[in-house]
Amino acid sequence: MSEILIRNADVVVTMDAGRAEIARGDVLIRGGVIVAVGQGLATTGAVVEAAGCVVTPGLVNTHHHLYQTLTRAVPGGQDALLFGWLKTLYPIWSRFGPEEMFVSAQVGLAELALSGCTLTSDHLYLFPNGARLDDTIAAAREVGLRFHPTRGAMSIGESDGGLPPDSLVERETLILEDCIRVVDAHHDAGEGAMVRVGLAPCSPFSVSRDLMREAALLARDKGVMLHTHLAENDEDIAYSLAKFGCRPGQYAEDLGWTGADVWHAHCVKLDAGEIDLFARSGTGVAHCPCSNCRLGSGIAPVRALRDAGVKVGLGVDGSASNDAGNLLLEARQALLLQRVSRGADAMSAREALEVATLGGARVLGRGDCGSLEVGKRADLAIWDVSGIEGAGSWDPVASLILCGPARVRDLFVEGRAVVRGGQMVTIDLAAVIARQNRLAARLAG
């Protein structure tokens, strides 16, 4: 069985129970698993020199819409609030097909990888022109990231009072049938799984109560997780109160959408009672700070959530509402927003890094990822801190969040190199970008 030794890092950030940081540290990998962490380790296998670098667990992205990398900076949506932004983009997305889903996922996954991400979820909730969740799973297999795609859905179109055009909604019986198909075809519940599938009706304003309830029952029958958008902005709260007569947290609880197998995206507008509900039930939150800023949604109460014991991870959200997919910069933005909201001592750089790694793994139910410990999967990022971004830094770990670099030097997933020397090694990225730009031009034209 082959071995890889990551040797002589300036600091190895373990994220173990004691949050140990090992100076001049080594990490030994065998068969995709970490078998030793310490100093002075030896191997007869391959050696990766890490002097001048900080080694961290791979970052974990808990919310994305990968298909949206094809619709960045669309003029009609650049300055719109959430609902207006959606109405601008729905007609464009309705022209997508399998190729658009596959290529946009490749681009988004590569962007995440270059920012240090080894595990990402994805929320795909529209399937026009023959597109399927399988298209994004195929893309992740080529790129080499650990993947947690979710089979989303929209069932209430404009003619029934919903936001999406009727051409993008599906019949609920067909949605549930395809949920069963993708789980049976792709979900791996085992330790070290490269693909796990979740169920994810898009939002309370695009599906019925019945579909939310049935999806929760199906997910628990199949042993998979549940995901949706919740309490994203003031419009979201107003809609819930007007349509359901309750706040989003109550709506979720009534339909079985709280628990350790559930995580909700955004949660910007949760109140104290809803935070307590999430803490008691073990429900997770995907915090998407850049998207929340971009759409003017507000500042999520991350400090209050974490203080209450709620699991919180980071999400880049869709590239049409970010418009980037850099998870390390997302961690920096999370820190800055909490400080704007609560003061300069509201979140430290190390806590932001914890949310970006261990926090995300916990949200996605991945006890085998998120830290550099013996027995954990060999998902790790090597950051070169000897460049201009870190020049003059007294604390190389904090400098990852406060200074940079914004691009990882090397990235390993399951012990396999995905990025080396700041370049993708699993795909021809230049060719993928060119193909993406051709598709974007066709959509725009």
# chains A, B, ... in the order shown; residues from 1 in each chain; ligands from 1
>>> residues_around(residues="His64 (chain A)", least_positions_apart="6", cutoff="6 Å", atoms="only C-alpha atoms", output="list in words")
Asp122, His123, Val316, Asp317 and Gly318 of chain A
>>> closest_atom_pairs(of="region 107-137 of chain A", to="region 37-61 of chain A", cutoff="8 Å", atoms="only C-alpha atoms", output="Markdown table")
| residue | atom | partner | partner_atom | distance |
| --- | --- | --- | --- | --- |
| A:Gly116 | CA | A:Leu59 | CA | 5.7 |
| A:Cys117 | CA | A:Leu59 | CA | 4.3 |
| A:Thr118 | CA | A:Gly58 | CA | 5.0 |
| A:Leu119 | CA | A:Val60 | CA | 4.9 |
| A:Thr120 | CA | A:Asn61 | CA | 4.5 |
| A:Ser121 | CA | A:Asn61 | CA | 6.2 |
>>> write_last_selection(atoms="N, CA, C and O atoms", output="PDB file, in the first residue's frame")
ATOM      1  N   GLY A 116      -8.639  25.372  -1.595  1.00  0.00           N
ATOM      2  CA  GLY A 116      -8.356  24.507  -0.450  1.00  0.00           C
ATOM      3  C   GLY A 116      -9.473  23.593  -0.030  1.00  0.00           C
ATOM      4  O   GLY A 116      -9.387  22.937   1.008  1.00  0.00           O
ATOM      5  N   CYS A 117     -10.539  23.500  -0.840  1.00  0.00           N
ATOM      6  CA  CYS A 117     -11.704  22.694  -0.476  1.00  0.00           C
ATOM      7  C   CYS A 117     -11.538  21.253  -0.941  1.00  0.00           C
ATOM      8  O   CYS A 117     -11.201  21.006  -2.096  1.00  0.00           O
ATOM      9  N   THR A 118     -11.792  20.305  -0.055  1.00  0.00           N
ATOM     10  CA  THR A 118     -11.704  18.881  -0.386  1.00  0.00           C
ATOM     11  C   THR A 118     -13.059  18.186  -0.380  1.00  0.00           C
ATOM     12  O   THR A 118     -13.207  17.108  -0.962  1.00  0.00           O
ATOM     13  N   LEU A 119     -14.048  18.767   0.287  1.00  0.00           N
ATOM     14  CA  LEU A 119     -15.391  18.184   0.401  1.00  0.00           C
ATOM     15  C   LEU A 119     -16.413  19.281   0.176  1.00  0.00           C
ATOM     16  O   LEU A 119     -16.364  20.323   0.831  1.00  0.00           O
ATOM     17  N   THR A 120     -17.334  19.054  -0.761  1.00  0.00           N
ATOM     18  CA  THR A 120     -18.355  20.064  -1.010  1.00  0.00           C
ATOM     19  C   THR A 120     -19.718  19.418  -1.204  1.00  0.00           C
ATOM     20  O   THR A 120     -19.840  18.336  -1.771  1.00  0.00           O
ATOM     21  N   SER A 121     -20.716  20.113  -0.732  1.00  0.00           N
ATOM     22  CA  SER A 121     -22.092  19.763  -1.081  1.00  0.00           C
ATOM     23  C   SER A 121     -22.472  20.552  -2.330  1.00  0.00           C
ATOM     24  O   SER A 121     -21.755  21.453  -2.770  1.00  0.00           O
TER      25      SER A 121
END
>>> residues_around(residues="Gln338 (chain A)", least_positions_apart="6", cutoff="9 Å", atoms="only C-alpha atoms", output="list in words")
Ile299, Ala300, Pro301, Val302, Arg303, Ala344, Asp345, Ala346 and Met347 of chain A
>>> write_last_selection(atoms="N, CA, C and O atoms", output="tab-separated table (two decimals), in the first residue's frame")
chain	number	residue	atom	x	y	z
A	299	ILE	N	-26.66	39.97	8.02
A	299	ILE	CA	-25.56	39.26	8.68
A	299	ILE	C	-26.14	38.14	9.53
A	299	ILE	O	-26.91	38.39	10.46
A	300	ALA	N	-25.80	36.92	9.22
A	300	ALA	CA	-26.31	35.78	9.99
A	300	ALA	C	-25.77	35.81	11.41
A	300	ALA	O	-24.62	36.22	11.65
A	301	PRO	N	-26.56	35.36	12.40
A	301	PRO	CA	-26.15	35.42	13.81
A	301	PRO	C	-25.20	34.28	14.18
A	301	PRO	O	-25.49	33.46	15.06
A	302	VAL	N	-24.06	34.22	13.51
A	302	VAL	CA	-23.15	33.08	13.69
A	302	VAL	C	-22.63	33.01	15.12
A	302	VAL	O	-22.51	31.91	15.68
A	303	ARG	N	-22.30	34.15	15.69
A	303	ARG	CA	-21.82	34.13	17.07
A	303	ARG	C	-22.86	33.53	18.01
A	303	ARG	O	-22.56	32.67	18.85
A	344	ALA	N	-14.76	43.55	17.56
A	344	ALA	CA	-13.52	42.98	17.03
A	344	ALA	C	-13.12	41.66	17.69
A	344	ALA	O	-12.28	40.94	17.14
A	345	ASP	N	-13.71	41.37	18.83
A	345	ASP	CA	-13.38	40.10	19.50
A	345	ASP	C	-14.46	39.04	19.28
A	345	ASP	O	-14.47	38.00	19.93
A	346	ALA	N	-15.35	39.27	18.31
A	346	ALA	CA	-16.48	38.36	18.11
A	346	ALA	C	-16.07	37.03	17.50
A	346	ALA	O	-16.70	36.00	17.75
A	347	MET	N	-15.01	37.02	16.68
A	347	MET	CA	-14.55	35.77	16.08
A	347	MET	C	-13.06	35.90	15.78
A	347	MET	O	-12.63	36.87	15.17
>>> closest_residue(among="A:Leu372, A:Val432, A:Leu402, A:Ala391", to="Leu358 (chain A)", atoms="only C-alpha atoms")
A:Leu372
>>> residues_around(residues="Thr258 (chain A)", least_positions_apart="2", cutoff="12 Å", atoms="only C-alpha atoms", output="number ranges by chain")
A: 212-213, 216, 220, 225-228, 230, 248-256, 260-264, 274-285, 310
>>> select_by_dssp(residues="region 66-270 of chain A", states="strand (DSSP E or B)", output="VMD selection string")
chain A and resid 117 to 124 146 to 153 195 198 to 201 226 to 230 262 to 266
>>> write_last_selection(atoms="N, CA, C and O atoms", output="tab-separated table (two decimals), in the first residue's frame")
chain	number	residue	atom	x	y	z
A	117	CYS	N	-10.54	23.50	-0.84
A	117	CYS	CA	-11.70	22.69	-0.48
A	117	CYS	C	-11.54	21.25	-0.94
A	117	CYS	O	-11.20	21.01	-2.10
A	118	THR	N	-11.79	20.30	-0.06
A	118	THR	CA	-11.70	18.88	-0.39
A	118	THR	C	-13.06	18.19	-0.38
A	118	THR	O	-13.21	17.11	-0.96
A	119	LEU	N	-14.05	18.77	0.29
A	119	LEU	CA	-15.39	18.18	0.40
A	119	LEU	C	-16.41	19.28	0.18
A	119	LEU	O	-16.36	20.32	0.83
A	120	THR	N	-17.33	19.05	-0.76
A	120	THR	CA	-18.36	20.06	-1.01
A	120	THR	C	-19.72	19.42	-1.20
A	120	THR	O	-19.84	18.34	-1.77
A	121	SER	N	-20.72	20.11	-0.73
A	121	SER	CA	-22.09	19.76	-1.08
A	121	SER	C	-22.47	20.55	-2.33
A	121	SER	O	-21.75	21.45	-2.77
A	122	ASP	N	-23.60	20.20	-2.92
A	122	ASP	CA	-24.16	20.98	-4.02
A	122	ASP	C	-25.67	20.84	-3.95
A	122	ASP	O	-26.19	19.77	-3.65
A	123	HIS	N	-26.36	21.94	-4.23
A	123	HIS	CA	-27.82	21.96	-4.20
A	123	HIS	C	-28.31	22.24	-5.62
A	123	HIS	O	-28.33	23.38	-6.07
A	124	LEU	N	-28.67	21.18	-6.33
A	124	LEU	CA	-29.19	21.30	-7.69
A	124	LEU	C	-30.69	21.06	-7.65
A	124	LEU	O	-31.15	19.98	-7.31
A	146	ARG	N	-14.33	15.14	-2.87
A	146	ARG	CA	-15.36	14.40	-2.14
A	146	ARG	C	-16.65	15.20	-2.28
A	146	ARG	O	-16.67	16.41	-2.08
A	147	PHE	N	-17.76	14.52	-2.59
A	147	PHE	CA	-18.95	15.22	-3.07
A	147	PHE	C	-20.20	14.79	-2.32
A	147	PHE	O	-20.41	13.60	-2.08
A	148	HIS	N	-21.01	15.79	-1.94
A	148	HIS	CA	-22.30	15.54	-1.29
A	148	HIS	C	-23.39	16.29	-2.07
A	148	HIS	O	-23.90	17.32	-1.62
A	149	PRO	N	-23.75	15.80	-3.26
A	149	PRO	CA	-24.80	16.45	-4.03
A	149	PRO	C	-26.16	16.22	-3.40
A	149	PRO	O	-26.39	15.18	-2.77
A	150	THR	N	-27.05	17.17	-3.59
A	150	THR	CA	-28.41	17.01	-3.08
A	150	THR	C	-29.40	17.15	-4.24
A	150	THR	O	-29.27	18.04	-5.07
A	151	ARG	N	-30.37	16.22	-4.26
A	151	ARG	CA	-31.39	16.25	-5.30
A	151	ARG	C	-32.45	17.25	-4.88
A	151	ARG	O	-33.34	16.97	-4.08
A	152	GLY	N	-32.34	18.47	-5.42
A	152	GLY	CA	-33.31	19.50	-5.12
A	152	GLY	C	-34.54	19.40	-6.00
A	152	GLY	O	-34.66	18.49	-6.83
A	153	ALA	N	-35.45	20.36	-5.83
A	153	ALA	CA	-36.69	20.32	-6.62
A	153	ALA	C	-37.46	21.62	-6.43
A	153	ALA	O	-37.37	22.28	-5.40
A	195	VAL	N	-18.97	9.85	-2.51
A	195	VAL	CA	-20.26	10.44	-2.89
A	195	VAL	C	-21.32	10.04	-1.88
A	195	VAL	O	-21.53	8.85	-1.64
A	198	GLY	N	-28.01	13.75	-0.78
A	198	GLY	CA	-29.05	14.25	0.12
A	198	GLY	C	-30.28	14.64	-0.69
A	198	GLY	O	-30.26	14.72	-1.91
A	199	LEU	N	-31.40	14.89	0.03
A	199	LEU	CA	-32.64	15.35	-0.60
A	199	LEU	C	-32.87	16.81	-0.20
A	199	LEU	O	-32.71	17.16	0.97
A	200	ALA	N	-33.28	17.64	-1.19
A	200	ALA	CA	-33.23	19.08	-0.93
A	200	ALA	C	-34.26	19.88	-1.72
A	200	ALA	O	-33.92	20.64	-2.63
A	201	PRO	N	-35.57	19.72	-1.41
A	201	PRO	CA	-36.54	20.66	-2.00
A	201	PRO	C	-36.03	22.08	-1.85
A	201	PRO	O	-35.49	22.44	-0.79
A	226	LEU	N	-31.02	15.87	4.76
A	226	LEU	CA	-31.97	16.83	4.19
A	226	LEU	C	-31.36	18.22	4.18
A	226	LEU	O	-30.65	18.61	5.11
A	227	HIS	N	-31.68	18.98	3.13
A	227	HIS	CA	-31.12	20.32	2.99
A	227	HIS	C	-32.10	21.22	2.26
A	227	HIS	O	-32.80	20.79	1.34
A	228	THR	N	-32.17	22.50	2.66
A	228	THR	CA	-32.95	23.50	1.94
A	228	THR	C	-32.49	24.88	2.36
A	228	THR	O	-31.63	25.05	3.22
A	229	HIS	N	-33.07	25.91	1.72
A	229	HIS	CA	-32.84	27.30	2.12
A	229	HIS	C	-33.85	27.67	3.21
A	229	HIS	O	-35.01	27.27	3.14
A	230	LEU	N	-33.41	28.48	4.15
A	230	LEU	CA	-34.34	28.88	5.22
A	230	LEU	C	-33.95	30.25	5.78
A	230	LEU	O	-32.76	30.52	5.99
A	262	VAL	N	-30.29	17.15	9.25
A	262	VAL	CA	-30.80	18.28	8.48
A	262	VAL	C	-29.82	19.45	8.58
A	262	VAL	O	-29.29	19.72	9.66
A	263	TRP	N	-29.57	20.11	7.46
A	263	TRP	CA	-28.89	21.40	7.54
A	263	TRP	C	-29.55	22.38	6.59
A	263	TRP	O	-30.00	22.02	5.51
A	264	HIS	N	-29.64	23.62	7.07
A	264	HIS	CA	-30.32	24.69	6.33
A	264	HIS	C	-29.31	25.74	5.89
A	264	HIS	O	-28.38	26.08	6.63
A	265	ALA	N	-29.51	26.26	4.67
A	265	ALA	CA	-28.63	27.30	4.15
A	265	ALA	C	-29.11	28.68	4.58
A	265	ALA	O	-30.31	28.93	4.64
A	266	HIS	N	-28.17	29.53	4.89
A	266	HIS	CA	-28.33	30.96	5.17
A	266	HIS	C	-28.74	31.23	6.61
A	266	HIS	O	-27.92	31.65	7.42
>>> residues_around(residues="Ala193 (chain A)", least_positions_apart="2", cutoff="10 Å", atoms="only C-alpha atoms", output="PyMOL selection string")
chain A and resi 146-148+187-191+195-196+366+368+377+414
>>> closest_atom_pairs(of="region 58-134 of chain A", to="region 288-296 of chain A", cutoff="8 Å", atoms="only C-alpha atoms", output="CSV")
residue,atom,partner,partner_atom,distance
A:His63,CA,A:Cys288,CA,7.6
A:Asp79,CA,A:Leu295,CA,7.7
A:Ala80,CA,A:Leu295,CA,6.9
A:Leu81,CA,A:Leu295,CA,5.3
A:Leu82,CA,A:Leu295,CA,6.0
>>> residues_around(residues="Ala434 (chain A)", least_positions_apart="3", cutoff="12 Å", atoms="only C-alpha atoms", output="VMD selection string")
chain A and resid 70 103 to 104 106 to 107 428 to 431 437 to 441
>>> write_last_selection(atoms="N, CA and C atoms", output="CSV table (one decimal), in the first residue's frame")
chain,number,residue,atom,x,y,z
A,70,LEU,N,-22.1,29.4,-14.7
A,70,LEU,CA,-22.3,29.8,-16.0
A,70,LEU,C,-23.1,31.1,-16.1
A,103,VAL,N,-20.3,20.9,-17.3
A,103,VAL,CA,-19.2,21.8,-17.4
A,103,VAL,C,-19.2,22.8,-16.3
A,104,SER,N,-20.3,23.4,-16.0
A,104,SER,CA,-20.4,24.4,-14.9
A,104,SER,C,-20.0,23.7,-13.6
A,106,GLN,N,-17.8,21.2,-13.2
A,106,GLN,CA,-16.3,21.1,-13.3
A,106,GLN,C,-15.6,22.4,-12.9
A,107,VAL,N,-16.1,23.5,-13.5
A,107,VAL,CA,-15.5,24.8,-13.2
A,107,VAL,C,-15.7,25.2,-11.7
A,428,ASP,N,-7.9,19.1,-17.4
A,428,ASP,CA,-7.3,20.2,-18.2
A,428,ASP,C,-8.1,21.4,-18.0
A,429,LEU,N,-7.7,22.3,-17.0
A,429,LEU,CA,-8.5,23.4,-16.6
A,429,LEU,C,-8.7,24.4,-17.7
A,430,ALA,N,-7.7,24.7,-18.5
A,430,ALA,CA,-7.8,25.6,-19.5
A,430,ALA,C,-8.8,25.2,-20.6
A,431,ALA,N,-8.8,23.9,-20.9
A,431,ALA,CA,-9.8,23.4,-21.8
A,431,ALA,C,-11.3,23.5,-21.2
A,437,ASN,N,-16.8,29.1,-21.3
A,437,ASN,CA,-17.0,30.4,-21.9
A,437,ASN,C,-17.8,30.3,-23.2
A,438,ARG,N,-17.6,29.2,-24.0
A,438,ARG,CA,-18.4,29.0,-25.2
A,438,ARG,C,-19.9,28.9,-24.8
A,439,LEU,N,-20.1,28.1,-23.8
A,439,LEU,CA,-21.5,27.9,-23.3
A,439,LEU,C,-22.1,29.1,-22.8
A,440,ALA,N,-21.3,29.9,-22.0
A,440,ALA,CA,-21.9,31.2,-21.5
A,440,ALA,C,-22.2,32.2,-22.6
A,441,ALA,N,-21.3,32.2,-23.7
A,441,ALA,CA,-21.6,33.1,-24.8
A,441,ALA,C,-22.8,32.7,-25.5
>>> residues_around(residues="region 137-140 of chain A", least_positions_apart="3", cutoff="7 Å", atoms="only C-alpha atoms", output="VMD selection string")
chain A and resid 102 105 to 106 109 133 to 134 143 to 145 147
>>> write_last_selection(atoms="all heavy atoms", output="tab-separated table (two decimals), in the first residue's frame")
chain	number	residue	atom	x	y	z
A	102	PHE	N	-22.80	19.71	-16.47
A	102	PHE	CA	-21.53	19.03	-16.30
A	102	PHE	C	-20.36	20.02	-16.29
A	102	PHE	O	-19.52	20.01	-15.39
A	102	PHE	CB	-21.34	18.00	-17.42
A	102	PHE	CG	-20.00	17.31	-17.39
A	102	PHE	CD1	-19.77	16.25	-16.53
A	102	PHE	CD2	-18.98	17.73	-18.23
A	102	PHE	CE1	-18.53	15.61	-16.50
A	102	PHE	CE2	-17.74	17.09	-18.21
A	102	PHE	CZ	-17.52	16.04	-17.34
A	105	ALA	N	-20.31	22.48	-13.34
A	105	ALA	CA	-19.88	21.79	-12.12
A	105	ALA	C	-18.37	21.60	-12.11
A	105	ALA	O	-17.72	21.79	-11.07
A	105	ALA	CB	-20.58	20.44	-12.00
A	106	GLN	N	-17.78	21.24	-13.24
A	106	GLN	CA	-16.33	21.10	-13.31
A	106	GLN	C	-15.64	22.41	-12.93
A	106	GLN	O	-14.68	22.42	-12.15
A	106	GLN	CB	-15.89	20.69	-14.72
A	106	GLN	CG	-16.05	19.22	-15.02
A	106	GLN	CD	-15.31	18.86	-16.30
A	106	GLN	OE1	-15.44	19.53	-17.32
A	106	GLN	NE2	-14.53	17.80	-16.24
A	109	LEU	N	-16.18	23.17	-9.14
A	109	LEU	CA	-15.41	22.27	-8.30
A	109	LEU	C	-13.92	22.57	-8.36
A	109	LEU	O	-13.22	22.52	-7.33
A	109	LEU	CB	-15.67	20.82	-8.73
A	109	LEU	CG	-17.08	20.29	-8.43
A	109	LEU	CD1	-17.35	19.03	-9.25
A	109	LEU	CD2	-17.27	20.02	-6.95
A	133	LEU	N	-29.01	14.98	-11.85
A	133	LEU	CA	-28.00	15.09	-10.80
A	133	LEU	C	-26.74	14.31	-11.19
A	133	LEU	O	-25.63	14.69	-10.81
A	133	LEU	CB	-28.56	14.58	-9.47
A	133	LEU	CG	-27.74	14.91	-8.22
A	133	LEU	CD1	-27.81	16.39	-7.91
A	133	LEU	CD2	-28.25	14.11	-7.02
A	134	ASP	N	-26.92	13.27	-11.94
A	134	ASP	CA	-25.80	12.44	-12.39
A	134	ASP	C	-24.75	13.24	-13.15
A	134	ASP	O	-23.56	12.89	-13.14
A	134	ASP	CB	-26.31	11.31	-13.29
A	134	ASP	CG	-27.51	10.58	-12.71
A	134	ASP	OD1	-28.54	11.26	-12.47
A	134	ASP	OD2	-27.43	9.36	-12.49
A	143	VAL	N	-12.97	15.65	-11.37
A	143	VAL	CA	-12.17	16.64	-10.64
A	143	VAL	C	-11.49	16.01	-9.44
A	143	VAL	O	-10.35	16.35	-9.11
A	143	VAL	CB	-13.06	17.83	-10.21
A	143	VAL	CG1	-12.28	18.80	-9.32
A	143	VAL	CG2	-13.58	18.56	-11.45
A	144	GLY	N	-12.18	15.07	-8.76
A	144	GLY	CA	-11.57	14.35	-7.66
A	144	GLY	C	-11.91	14.85	-6.27
A	144	GLY	O	-11.28	14.44	-5.30
A	145	LEU	N	-12.92	15.72	-6.14
A	145	LEU	CA	-13.33	16.17	-4.81
A	145	LEU	C	-14.34	15.19	-4.20
A	145	LEU	O	-15.10	14.53	-4.90
A	145	LEU	CB	-13.98	17.55	-4.87
A	145	LEU	CG	-13.08	18.74	-5.20
A	145	LEU	CD1	-13.77	20.04	-4.80
A	145	LEU	CD2	-11.72	18.65	-4.55
A	147	PHE	N	-17.76	14.52	-2.59
A	147	PHE	CA	-18.95	15.22	-3.07
A	147	PHE	C	-20.20	14.79	-2.32
A	147	PHE	O	-20.41	13.60	-2.08
A	147	PHE	CB	-19.12	14.92	-4.56
A	147	PHE	CG	-20.02	15.86	-5.32
A	147	PHE	CD1	-20.06	17.21	-5.03
A	147	PHE	CD2	-20.80	15.38	-6.38
A	147	PHE	CE1	-20.87	18.07	-5.76
A	147	PHE	CE2	-21.61	16.22	-7.11
A	147	PHE	CZ	-21.65	17.57	-6.81
>>> closest_residue(among="A:Ile92, A:Ala286, A:Val397, A:Leu163", to="Ala334 (chain A)", atoms="only C-alpha atoms")
A:Ala286
>>> atom_distance(atom1="CA of Pro75 (chain A)", atom2="CA of Glu232 (chain A)")
22.5 Å
>>> select_by_dssp(residues="region 12-100 of chain A", states="alpha helix (DSSP H)", output="PyMOL selection string")
chain A and resi 82-93+98-100
>>> atom_distance(atom1="CA of Val12 (chain A)", atom2="CA of Ile382 (chain A)")
9.2 Å
>>> atom_distance(atom1="CA of Glu373 (chain A)", atom2="CA of Ala349 (chain A)")
21.2 Å
